[in-house]
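start.cif follows; it contains mmCIF, C-alpha atoms.
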```
data_query
#
loop_
_atom_site.label_atom_id
_atom_site.label_comp_id
_atom_site.auth_asym_id
_atom_site.auth_seq_id
_atom_site.Cartn_x
_atom_site.Cartn_y
_atom_site.Cartn_z
CA MET A 2 23.76 5.09 4.09
CA ALA A 3 20.97 4.39 1.70
CA ARG A 4 17.36 5.24 2.35
CA ILE A 5 15.26 2.07 2.18
CA VAL A 6 11.71 2.38 0.83
CA VAL A 7 9.22 -0.48 0.76
CA ILE A 8 6.42 -0.53 -1.82
CA THR A 9 3.63 -2.57 -0.29
CA SER A 10 -0.16 -2.99 -0.25
CA GLY A 11 -1.52 -6.18 1.23
CA LYS A 12 -3.77 -6.83 -1.75
CA GLY A 13 -2.33 -8.17 -4.98
CA GLY A 14 -2.67 -6.66 -8.43
CA VAL A 15 -2.92 -3.04 -7.30
CA GLY A 16 0.33 -1.86 -8.92
CA LYS A 17 3.19 -2.51 -6.50
CA THR A 18 5.65 -3.69 -9.14
CA THR A 19 4.59 -0.99 -11.61
CA THR A 20 5.13 1.57 -8.84
CA SER A 21 8.47 0.08 -7.72
CA ALA A 22 9.75 0.22 -11.30
CA ALA A 23 8.46 3.78 -11.76
CA LEU A 24 9.82 5.11 -8.46
CA ALA A 25 13.24 3.48 -8.87
CA THR A 26 13.54 4.76 -12.44
CA GLY A 27 12.33 8.20 -11.42
CA LEU A 28 14.89 8.45 -8.62
CA ALA A 29 17.66 7.31 -10.97
CA LEU A 30 16.56 9.91 -13.55
CA GLU A 31 17.01 12.52 -10.81
CA GLY A 32 20.60 11.37 -10.47
CA ARG A 33 20.11 9.29 -7.33
CA LYS A 34 21.91 5.98 -7.45
CA THR A 35 19.12 3.46 -6.89
CA ALA A 36 18.73 -0.30 -6.48
CA VAL A 37 15.33 -1.95 -6.80
CA ILE A 38 14.85 -5.39 -5.22
CA ASP A 39 12.14 -7.92 -6.06
CA PHE A 40 11.07 -9.58 -2.77
CA ASP A 41 8.43 -11.77 -4.41
CA VAL A 42 10.29 -15.06 -4.03
CA GLY A 43 8.77 -17.70 -6.29
CA LEU A 44 6.91 -15.20 -8.49
CA ARG A 45 9.61 -13.07 -10.09
CA ASN A 46 8.07 -10.23 -12.14
CA LEU A 47 9.96 -7.01 -11.61
CA ASP A 48 12.48 -8.15 -14.25
CA LEU A 49 9.67 -8.30 -16.85
CA ILE A 50 8.34 -4.86 -15.95
CA MET A 51 11.88 -3.43 -16.13
CA GLY A 52 12.55 -5.28 -19.39
CA CYS A 53 15.63 -7.14 -18.18
CA GLU A 54 14.21 -10.67 -17.88
CA ARG A 55 16.70 -12.13 -20.34
CA ARG A 56 19.67 -10.80 -18.42
CA VAL A 57 18.92 -12.50 -15.11
CA VAL A 58 21.78 -14.81 -14.12
CA TYR A 59 21.83 -14.73 -10.32
CA ASP A 60 19.12 -13.63 -7.95
CA PHE A 61 18.44 -12.31 -4.43
CA VAL A 62 18.46 -15.78 -2.81
CA ASN A 63 21.72 -16.71 -4.58
CA VAL A 64 23.31 -13.69 -2.93
CA ILE A 65 21.85 -14.52 0.50
CA ASN A 66 23.12 -18.12 0.21
CA GLY A 67 26.55 -16.98 -0.96
CA ASP A 68 26.25 -18.66 -4.38
CA ALA A 69 26.96 -15.31 -6.00
CA ASN A 70 28.06 -11.87 -4.87
CA LEU A 71 26.00 -8.71 -5.28
CA ARG A 72 28.11 -7.48 -8.16
CA GLN A 73 27.27 -10.61 -10.13
CA ALA A 74 23.56 -10.51 -9.33
CA LEU A 75 22.78 -6.81 -9.81
CA ILE A 76 21.54 -6.01 -13.30
CA LYS A 77 22.49 -2.59 -14.62
CA ASP A 78 19.51 -0.96 -16.33
CA LYS A 79 20.07 -0.34 -20.03
CA ARG A 80 17.85 2.71 -20.38
CA THR A 81 18.56 4.65 -17.21
CA ASP A 82 21.89 5.43 -15.58
CA ASN A 83 22.28 5.00 -11.81
CA LEU A 84 19.72 2.17 -11.78
CA PHE A 85 20.26 -1.47 -10.79
CA ILE A 86 17.84 -4.37 -10.40
CA LEU A 87 18.13 -7.33 -8.02
CA PRO A 88 15.71 -9.99 -9.27
CA ALA A 89 13.72 -12.38 -7.08
CA SER A 90 14.52 -16.03 -6.93
CA GLN A 91 12.09 -18.52 -8.44
CA THR A 92 12.64 -21.07 -5.71
CA ARG A 93 9.49 -22.34 -4.03
CA ASP A 94 11.25 -22.32 -0.67
CA LYS A 95 9.44 -19.51 1.16
CA ASP A 96 11.99 -19.56 3.98
CA ALA A 97 14.81 -18.62 1.61
CA LEU A 98 14.58 -14.98 2.74
CA THR A 99 16.20 -15.11 6.17
CA GLU A 100 16.21 -11.99 8.30
CA ALA A 101 20.00 -12.10 8.66
CA GLY A 102 20.43 -12.71 4.92
CA VAL A 103 18.18 -9.80 3.93
CA GLU A 104 19.92 -7.52 6.43
CA LYS A 105 23.34 -8.44 5.06
CA VAL A 106 22.34 -7.71 1.45
CA LEU A 107 20.68 -4.40 2.41
CA ASP A 108 23.74 -3.37 4.44
CA GLU A 109 26.02 -4.10 1.52
CA LEU A 110 23.77 -2.21 -0.92
CA SER A 111 23.63 0.70 1.53
CA GLN A 112 27.37 1.27 1.10
CA GLU A 113 26.96 2.04 -2.56
CA PHE A 114 23.43 3.24 -3.20
CA GLU A 115 21.45 6.31 -2.22
CA TYR A 116 18.04 4.64 -2.42
CA ILE A 117 16.95 1.03 -2.11
CA VAL A 118 13.41 0.32 -3.34
CA CYS A 119 11.91 -2.94 -2.00
CA ASP A 120 9.11 -4.35 -4.16
CA SER A 121 6.99 -6.33 -1.69
CA PRO A 122 4.94 -9.39 -2.61
CA ALA A 123 1.18 -9.31 -1.95
CA GLY A 124 -0.17 -10.66 1.31
CA ILE A 125 1.13 -10.41 4.85
CA GLU A 126 3.38 -13.48 4.82
CA ARG A 127 7.12 -13.73 5.29
CA GLY A 128 8.14 -12.09 1.98
CA ALA A 129 5.99 -9.02 2.63
CA LEU A 130 7.19 -8.76 6.24
CA MET A 131 10.84 -9.08 5.15
CA ALA A 132 10.42 -6.41 2.47
CA ALA A 133 9.12 -3.98 5.09
CA TYR A 134 11.18 -5.00 8.11
CA PHE A 135 14.34 -2.95 7.47
CA ALA A 136 12.65 -0.05 5.66
CA ASP A 137 13.00 3.62 6.60
CA GLU A 138 9.66 4.47 5.03
CA ALA A 139 6.77 2.88 3.16
CA ILE A 140 4.62 3.64 0.16
CA VAL A 141 1.29 1.83 0.34
CA VAL A 142 -0.24 1.27 -3.08
CA THR A 143 -4.04 1.30 -3.06
CA ASN A 144 -6.85 1.14 -5.60
CA PRO A 145 -10.03 3.16 -4.89
CA GLU A 146 -11.95 -0.01 -4.14
CA VAL A 147 -13.18 -1.51 -0.85
CA SER A 148 -10.99 -4.61 -0.49
CA SER A 149 -7.83 -2.75 -1.45
CA VAL A 150 -8.50 0.08 1.02
CA ARG A 151 -9.25 -2.35 3.83
CA ASP A 152 -6.10 -4.39 3.12
CA SER A 153 -4.05 -1.19 3.04
CA ASP A 154 -5.28 -0.34 6.52
CA ARG A 155 -4.28 -3.80 7.68
CA MET A 156 -0.84 -3.28 6.14
CA LEU A 157 -0.53 0.13 7.84
CA GLY A 158 -1.14 -1.64 11.15
CA ILE A 159 1.65 -4.10 10.38
CA LEU A 160 4.02 -1.30 9.35
CA SER A 161 3.41 0.44 12.66
CA SER A 162 4.28 -2.62 14.77
CA LYS A 163 6.18 -5.31 12.87
CA THR A 164 9.20 -3.43 11.54
CA ARG A 165 12.68 -3.04 12.98
CA LYS A 166 11.99 0.65 13.60
CA ALA A 167 8.88 -0.22 15.62
CA GLU A 168 10.58 -3.03 17.54
CA ARG A 169 13.40 -0.68 18.50
CA GLY A 170 10.82 1.72 19.87
CA GLU A 171 11.53 4.34 17.21
CA GLY A 172 7.86 4.56 16.32
CA GLY A 173 5.93 3.23 13.36
CA LEU A 174 7.26 3.33 9.84
CA PRO A 175 6.42 6.63 8.11
CA ALA A 176 3.98 5.68 5.36
CA ARG A 177 2.35 7.47 2.47
CA LEU A 178 -0.34 6.36 0.08
CA LEU A 179 -0.18 6.05 -3.69
CA LEU A 180 -3.63 5.75 -5.22
CA THR A 181 -3.56 3.96 -8.58
CA ARG A 182 -6.14 3.09 -11.27
CA TYR A 183 -8.00 6.30 -10.44
CA ALA A 184 -10.89 7.01 -12.80
CA PRO A 185 -11.96 10.68 -12.38
CA GLU A 186 -15.13 10.26 -14.47
CA ARG A 187 -16.32 7.44 -12.22
CA VAL A 188 -15.46 9.51 -9.13
CA GLU A 189 -17.50 12.39 -10.56
CA ARG A 190 -20.44 10.05 -11.13
CA GLY A 191 -20.22 8.94 -7.50
CA GLU A 192 -19.24 5.40 -8.51
CA MET A 193 -15.70 5.41 -7.15
CA LEU A 194 -14.09 6.48 -3.88
CA SER A 195 -12.40 9.84 -4.33
CA MET A 196 -8.88 10.74 -3.29
CA GLU A 197 -10.38 12.68 -0.37
CA ASP A 198 -12.51 9.68 0.68
CA VAL A 199 -9.51 7.34 0.80
CA THR A 200 -7.35 9.90 2.63
CA GLU A 201 -10.11 10.36 5.17
CA ILE A 202 -10.74 6.64 5.73
CA LEU A 203 -7.07 5.76 6.16
CA SER A 204 -5.95 9.11 7.65
CA ILE A 205 -2.65 9.06 5.81
CA ASP A 206 -0.77 11.46 3.51
CA MET A 207 -1.17 11.05 -0.24
CA LEU A 208 2.06 10.77 -2.21
CA GLY A 209 0.36 10.58 -5.58
CA VAL A 210 -2.70 9.68 -7.61
CA VAL A 211 -2.09 7.72 -10.81
CA PRO A 212 -5.00 7.69 -13.23
CA GLU A 213 -6.28 4.49 -14.83
CA SER A 214 -4.41 4.52 -18.12
CA GLN A 215 -3.79 2.32 -21.12
CA SER A 216 -0.20 3.44 -21.04
CA VAL A 217 0.46 1.22 -17.99
CA LEU A 218 -0.38 -1.97 -19.92
CA ASN A 219 1.45 -0.70 -22.99
CA ALA A 220 4.55 -0.03 -20.91
CA SER A 221 4.50 -3.44 -19.21
CA ASN A 222 3.95 -5.12 -22.58
CA ALA A 223 7.13 -3.44 -23.77
CA GLY A 224 9.10 -3.99 -20.56
CA MET A 225 9.55 -0.27 -20.00
CA PRO A 226 8.75 1.50 -16.72
CA VAL A 227 5.69 3.68 -17.43
CA ILE A 228 7.42 6.72 -15.93
CA LEU A 229 9.56 6.84 -19.08
CA ASP A 230 6.41 7.46 -21.16
CA GLU A 231 6.46 11.22 -20.76
CA GLU A 232 3.42 11.67 -22.97
CA SER A 233 1.15 9.57 -20.79
CA ASP A 234 -0.89 10.83 -17.84
CA ALA A 235 0.24 7.87 -15.71
CA GLY A 236 3.89 8.58 -16.52
CA GLN A 237 3.46 12.24 -15.57
CA ALA A 238 1.61 11.32 -12.37
CA TYR A 239 4.53 9.07 -11.39
CA ARG A 240 6.99 11.91 -12.14
CA ASP A 241 5.00 14.14 -9.79
CA ALA A 242 5.03 11.42 -7.12
CA VAL A 243 8.81 11.05 -7.40
CA ALA A 244 9.24 14.83 -7.08
CA ARG A 245 7.04 14.83 -3.98
CA PHE A 246 8.99 11.87 -2.63
CA LEU A 247 12.14 13.98 -2.95
CA GLY A 248 10.50 16.79 -1.01
CA GLU A 249 9.07 18.98 -3.75
CA ASP A 250 5.59 20.42 -3.23
CA ARG A 251 3.47 19.66 -6.28
CA PRO A 252 -0.32 19.82 -6.65
CA HIS A 253 -2.14 16.59 -7.58
CA ARG A 254 -3.14 16.38 -11.24
CA PHE A 255 -5.49 14.13 -13.22
CA LEU A 256 -8.16 14.30 -10.53
CA SER A 257 -10.92 15.54 -12.80
CA THR A 258 -12.14 14.70 -16.27
CA GLN A 259 -10.60 16.69 -19.06
CA LYS A 260 -12.85 17.02 -22.06
CA LYS A 261 -10.66 17.82 -25.03
CA GLY A 262 -13.29 18.17 -27.76
CA LEU A 263 -14.62 21.50 -29.06
CA PHE A 264 -17.85 20.89 -27.19
CA GLY A 265 -16.00 20.41 -23.94
CA ARG A 266 -13.84 23.48 -24.50
CA LEU A 267 -16.90 25.66 -25.15
CA PHE A 268 -18.84 24.55 -22.15
CA ARG A 269 -16.13 23.98 -19.58
CA GLY A 270 -14.01 26.67 -18.05
CA MET B 26 -16.42 27.03 -14.08
CA LYS B 27 -18.59 23.98 -14.36
CA GLY B 28 -20.15 23.01 -17.66
CA ILE B 29 -23.74 24.17 -17.97
CA PHE B 30 -24.83 20.59 -18.45
CA ASP B 31 -23.74 19.82 -14.90
CA TYR B 32 -26.71 21.89 -13.74
CA PHE B 33 -29.14 19.59 -15.51
CA ARG B 34 -27.51 16.42 -14.33
CA SER B 35 -29.62 14.82 -11.62
CA PRO B 36 -27.68 14.26 -8.45
CA ARG B 37 -27.46 10.48 -8.34
CA GLN B 38 -26.70 8.57 -5.21
CA GLY B 39 -23.54 6.73 -6.17
CA SER B 40 -22.20 3.51 -4.76
CA ALA B 41 -19.03 5.29 -3.60
CA LYS B 42 -20.93 6.77 -0.66
CA VAL B 43 -21.95 3.29 0.50
CA ALA B 44 -18.38 2.06 0.05
CA LYS B 45 -17.03 4.90 2.16
CA GLU B 46 -19.50 4.32 4.98
CA ARG B 47 -18.86 0.57 5.06
CA LEU B 48 -15.09 1.11 5.05
CA GLN B 49 -15.22 3.66 7.85
CA VAL B 50 -17.11 1.20 10.05
CA ILE B 51 -14.94 -1.84 9.35
CA VAL B 52 -11.65 0.07 9.51
CA ALA B 53 -12.60 1.57 12.89
CA ARG B 54 -13.55 -1.85 14.22
CA GLU B 55 -10.41 -3.56 12.97
CA ARG B 56 -8.21 -0.78 14.32
CA SER B 57 -9.70 -1.07 17.79
CA HIS B 58 -9.12 -4.85 17.79
CA ARG B 59 -5.57 -4.36 16.54
CA SER B 60 -4.62 -1.78 19.14
CA GLY B 61 -6.10 -3.75 22.06
CA PRO B 62 -3.90 -5.80 24.37
CA ASP B 63 -3.38 -9.48 23.53
CA TYR B 64 -5.35 -10.70 26.55
CA LEU B 65 -8.67 -9.21 25.41
CA PRO B 66 -9.90 -12.29 23.48
CA ALA B 67 -9.06 -14.58 26.43
CA LEU B 68 -10.74 -12.22 28.88
CA HIS B 69 -13.81 -12.17 26.66
CA ARG B 70 -13.91 -15.97 26.53
CA GLU B 71 -13.50 -16.41 30.28
CA LEU B 72 -16.12 -13.78 31.09
CA LEU B 73 -18.56 -15.70 28.90
CA GLU B 74 -17.72 -18.93 30.71
CA VAL B 75 -18.36 -17.36 34.12
CA ILE B 76 -21.65 -15.82 33.02
CA ARG B 77 -22.79 -19.11 31.52
CA LYS B 78 -22.52 -20.78 34.91
CA TYR B 79 -25.57 -18.74 35.87
CA VAL B 80 -27.30 -17.61 32.69
CA GLN B 81 -27.39 -19.07 29.21
CA VAL B 82 -26.16 -16.39 26.79
CA GLY B 83 -24.86 -16.28 23.24
CA ASP B 84 -21.36 -15.19 22.19
CA GLU B 85 -22.68 -11.72 21.41
CA ALA B 86 -23.80 -11.15 25.01
CA VAL B 87 -20.46 -9.75 26.07
CA GLN B 88 -19.27 -6.67 24.19
CA MET B 89 -15.98 -5.09 25.12
CA SER B 90 -14.35 -1.90 23.99
CA LEU B 91 -11.14 -0.30 25.07
CA GLU B 92 -10.69 3.45 24.89
CA ASN B 93 -7.77 5.68 25.59
CA GLN B 94 -8.55 8.82 27.53
CA GLY B 95 -5.54 10.87 28.38
CA ASN B 96 -3.34 8.83 30.65
CA CYS B 97 -5.79 6.05 31.40
CA GLU B 98 -7.42 3.27 29.45
CA ILE B 99 -11.08 2.56 29.94
CA LEU B 100 -12.30 -0.97 29.36
CA GLU B 101 -16.02 -0.95 28.84
CA VAL B 102 -17.78 -4.31 29.23
CA ASN B 103 -21.43 -4.61 28.26
CA ILE B 104 -23.24 -7.77 29.20
CA THR B 105 -26.63 -8.16 27.62
CA LEU B 106 -29.03 -10.76 28.98
CA SER B 107 -31.89 -11.65 26.69
CA GLU B 108 -35.44 -11.45 28.14
CA PRO B 109 -36.50 -15.10 28.71
CA GLU B 110 -33.31 -16.04 30.53
CA ARG B 111 -33.29 -13.02 32.79
CA GLN B 112 -33.25 -14.01 36.46
CA GLU B 113 -33.99 -11.24 38.89
#
```

Just dump the structure as structure tokens.
Amino acid sequence: MARIVVITSGKGGVGKTTTSAALATGLALEGRKTAVIDFDVGLRNLDLIMGCERRVVYDFVNVINGDANLRQALIKDKRTDNLFILPASQTRDKDALTEAGVEKVLDELSQEFEYIVCDSPAGIERGALMAAYFADEAIVVTNPEVSSVRDSDRMLGILSSKTRKAERGEGGLPARLLLTRYAPERVERGEMLSMEDVTEILSIDMLGVVPESQSVLNASNAGMPVILDEESDAGQAYRDAVARFLGEDRPHRFLSTQKKGLFGRLFRG
Amino acid sequence: MKGIFDYFRSPRQGSAKVAKERLQVIVARERSHRSGPDYLPALHRELLEVIRKYVQVGDEAVQMSLENQGNCEILEVNITLSEPERQE
């Protein structure tokens, strides 16, 4: 049986797809056979971030409708072994994701994969609810900014009541936070919510803090999950998050400004 | 060790503090609404209707909060009557 993880947030543009691509790639790099599914029906984008947009033939809805089987629709990643992508459909029919259809696809994937990463669309509509419904756990992606934090709390409420686990009386979905676009220098100037602030407001465990980084845009430009950029701070932060996800205890990095110049080295310990 | 220049930096009141305070208030309020039973809004509406048979009050006159204390739930209802309308 696969472990199903939903990457969600409520608010759009906070880094769900970037995180889904990074987590799925990171798990595959650790030798875990992983499938990553784009639930954003109508606005397919995970394929672009993963760099496989030209290899999409069939999609998630095709499989649900029986127009194609999973084997035909799954795209094998070219860079990373053990990694497969199931792209979203571009249909405008928002009801295309039926509960029974999603369950069937997840059940079939569960036979073969160790992890299934569900990339949720923004909002709290059907697509987002379907992405979370069958999950075993959730990662809520949040920016240190008021509307994102508030929406994350709203999403945490939904995760605790509107999932299969909750409806079966097995309790809310275990959820952890991933704070992205973190700017330590702004936190130090008192202009941005700190990791501690967000943890305190939402009272939830922190899976990782990914610093604001040019490498994220560079990676998406190139269609390469940023976790593969081992030189970048964001890539390293995602590696840490994946290790923590797999149960390793790692301290959070990139939480404070690092002055690299001679001046900084002389005056900072 | 902190850089020596940190000692000369004036402690500025940042906007993050305001953000945190505002979020703590709104998150607490939204959580209490979320966790309340479904009938609370209807109860609130009907209470207002009953009160308005006797006293003219605004929507804000009835404030309700539900708290969990151990094994029991306490529903606190505050009805505020503004001065001119008060009938003793």

Any chance you could work out the residue set of the PyMOL selection byres ((chain A and resi 225-230) around 7) here, as a ChimeraX atom specification? /A:22-23,27,50-52,216-217,220-221,223-224,231-233,236-237,239-240

With a distance cut-off of 12 Å and all atoms listed in the file, select the neighbouring residues of Val103 (chain A), excluding the residue or stretch itself and same-chain residues fewer than 4 positions from it, and output the selection as a list in words. Ile38, Asp39, Phe40, Phe61, Val62, Asn63, Val64, Ile65, Asn66, Asp96, Ala97, Leu98, Thr99, Leu107, Asp108, Glu109, Leu110, Cys119, Arg127, Gly128, Leu130, Met131, Ala132, Ala133, Tyr134, Phe135 and Ala136 of chain A

Check which residues satisfy the PyMOL selection byres ((chain A and resi 86) around 12) in the file shown, then give them as a PyMOL selection string. chain A and resi 21-22+25-26+29+34-40+45-54+56-61+71-79+81-85+87-89+110+114+117-120

Residue list for chain A near chain B as an MDAnalysis selection string, 10 Å, only C-alpha atoms: chainID A and resid 145:148 150:152 154:155 158:159 162 187:195 198:199 201:203 265:270

The PyMOL selection byres ((chain A and resi 181) around 8) resolved against shown file, as a JSON list (two decimals) with C-alpha atoms, keeping the file's coordinate frame:
```json
[["chain", "number", "residue", "atom", "x", "y", "z"],
["A", 15, "VAL", "CA", -2.92, -3.04, -7.30],
["A", 16, "GLY", "CA", 0.33, -1.86, -8.92],
["A", 142, "VAL", "CA", -0.24, 1.27, -3.08],
["A", 143, "THR", "CA", -4.04, 1.30, -3.06],
["A", 144, "ASN", "CA", -6.85, 1.14, -5.60],
["A", 145, "PRO", "CA", -10.03, 3.16, -4.89],
["A", 179, "LEU", "CA", -0.18, 6.05, -3.69],
["A", 180, "LEU", "CA", -3.63, 5.75, -5.22],
["A", 182, "ARG", "CA", -6.14, 3.09, -11.27],
["A", 183, "TYR", "CA", -8.00, 6.30, -10.44],
["A", 210, "VAL", "CA", -2.70, 9.68, -7.61],
["A", 211, "VAL", "CA", -2.09, 7.72, -10.81],
["A", 212, "PRO", "CA", -5.00, 7.69, -13.23],
["A", 213, "GLU", "CA", -6.28, 4.49, -14.83]]
```

Give me, please, the distance in Å between CA of Tyr116 (chain A) and CA of Gly170 (chain A), quoted to one decimal.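 For CA of Tyr116 (chain A) relative to CA of Gly170 (chain A), the distance reads 23.6 Å.
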
Skipping near chain neighbours, those fewer than 3 positions away, what residues fall within 10 Å of Val82 (chain B) using only C-alpha atoms, listed as a ChimeraX atom specification? /B:73-74,76-79,85-87,104-107,110-111
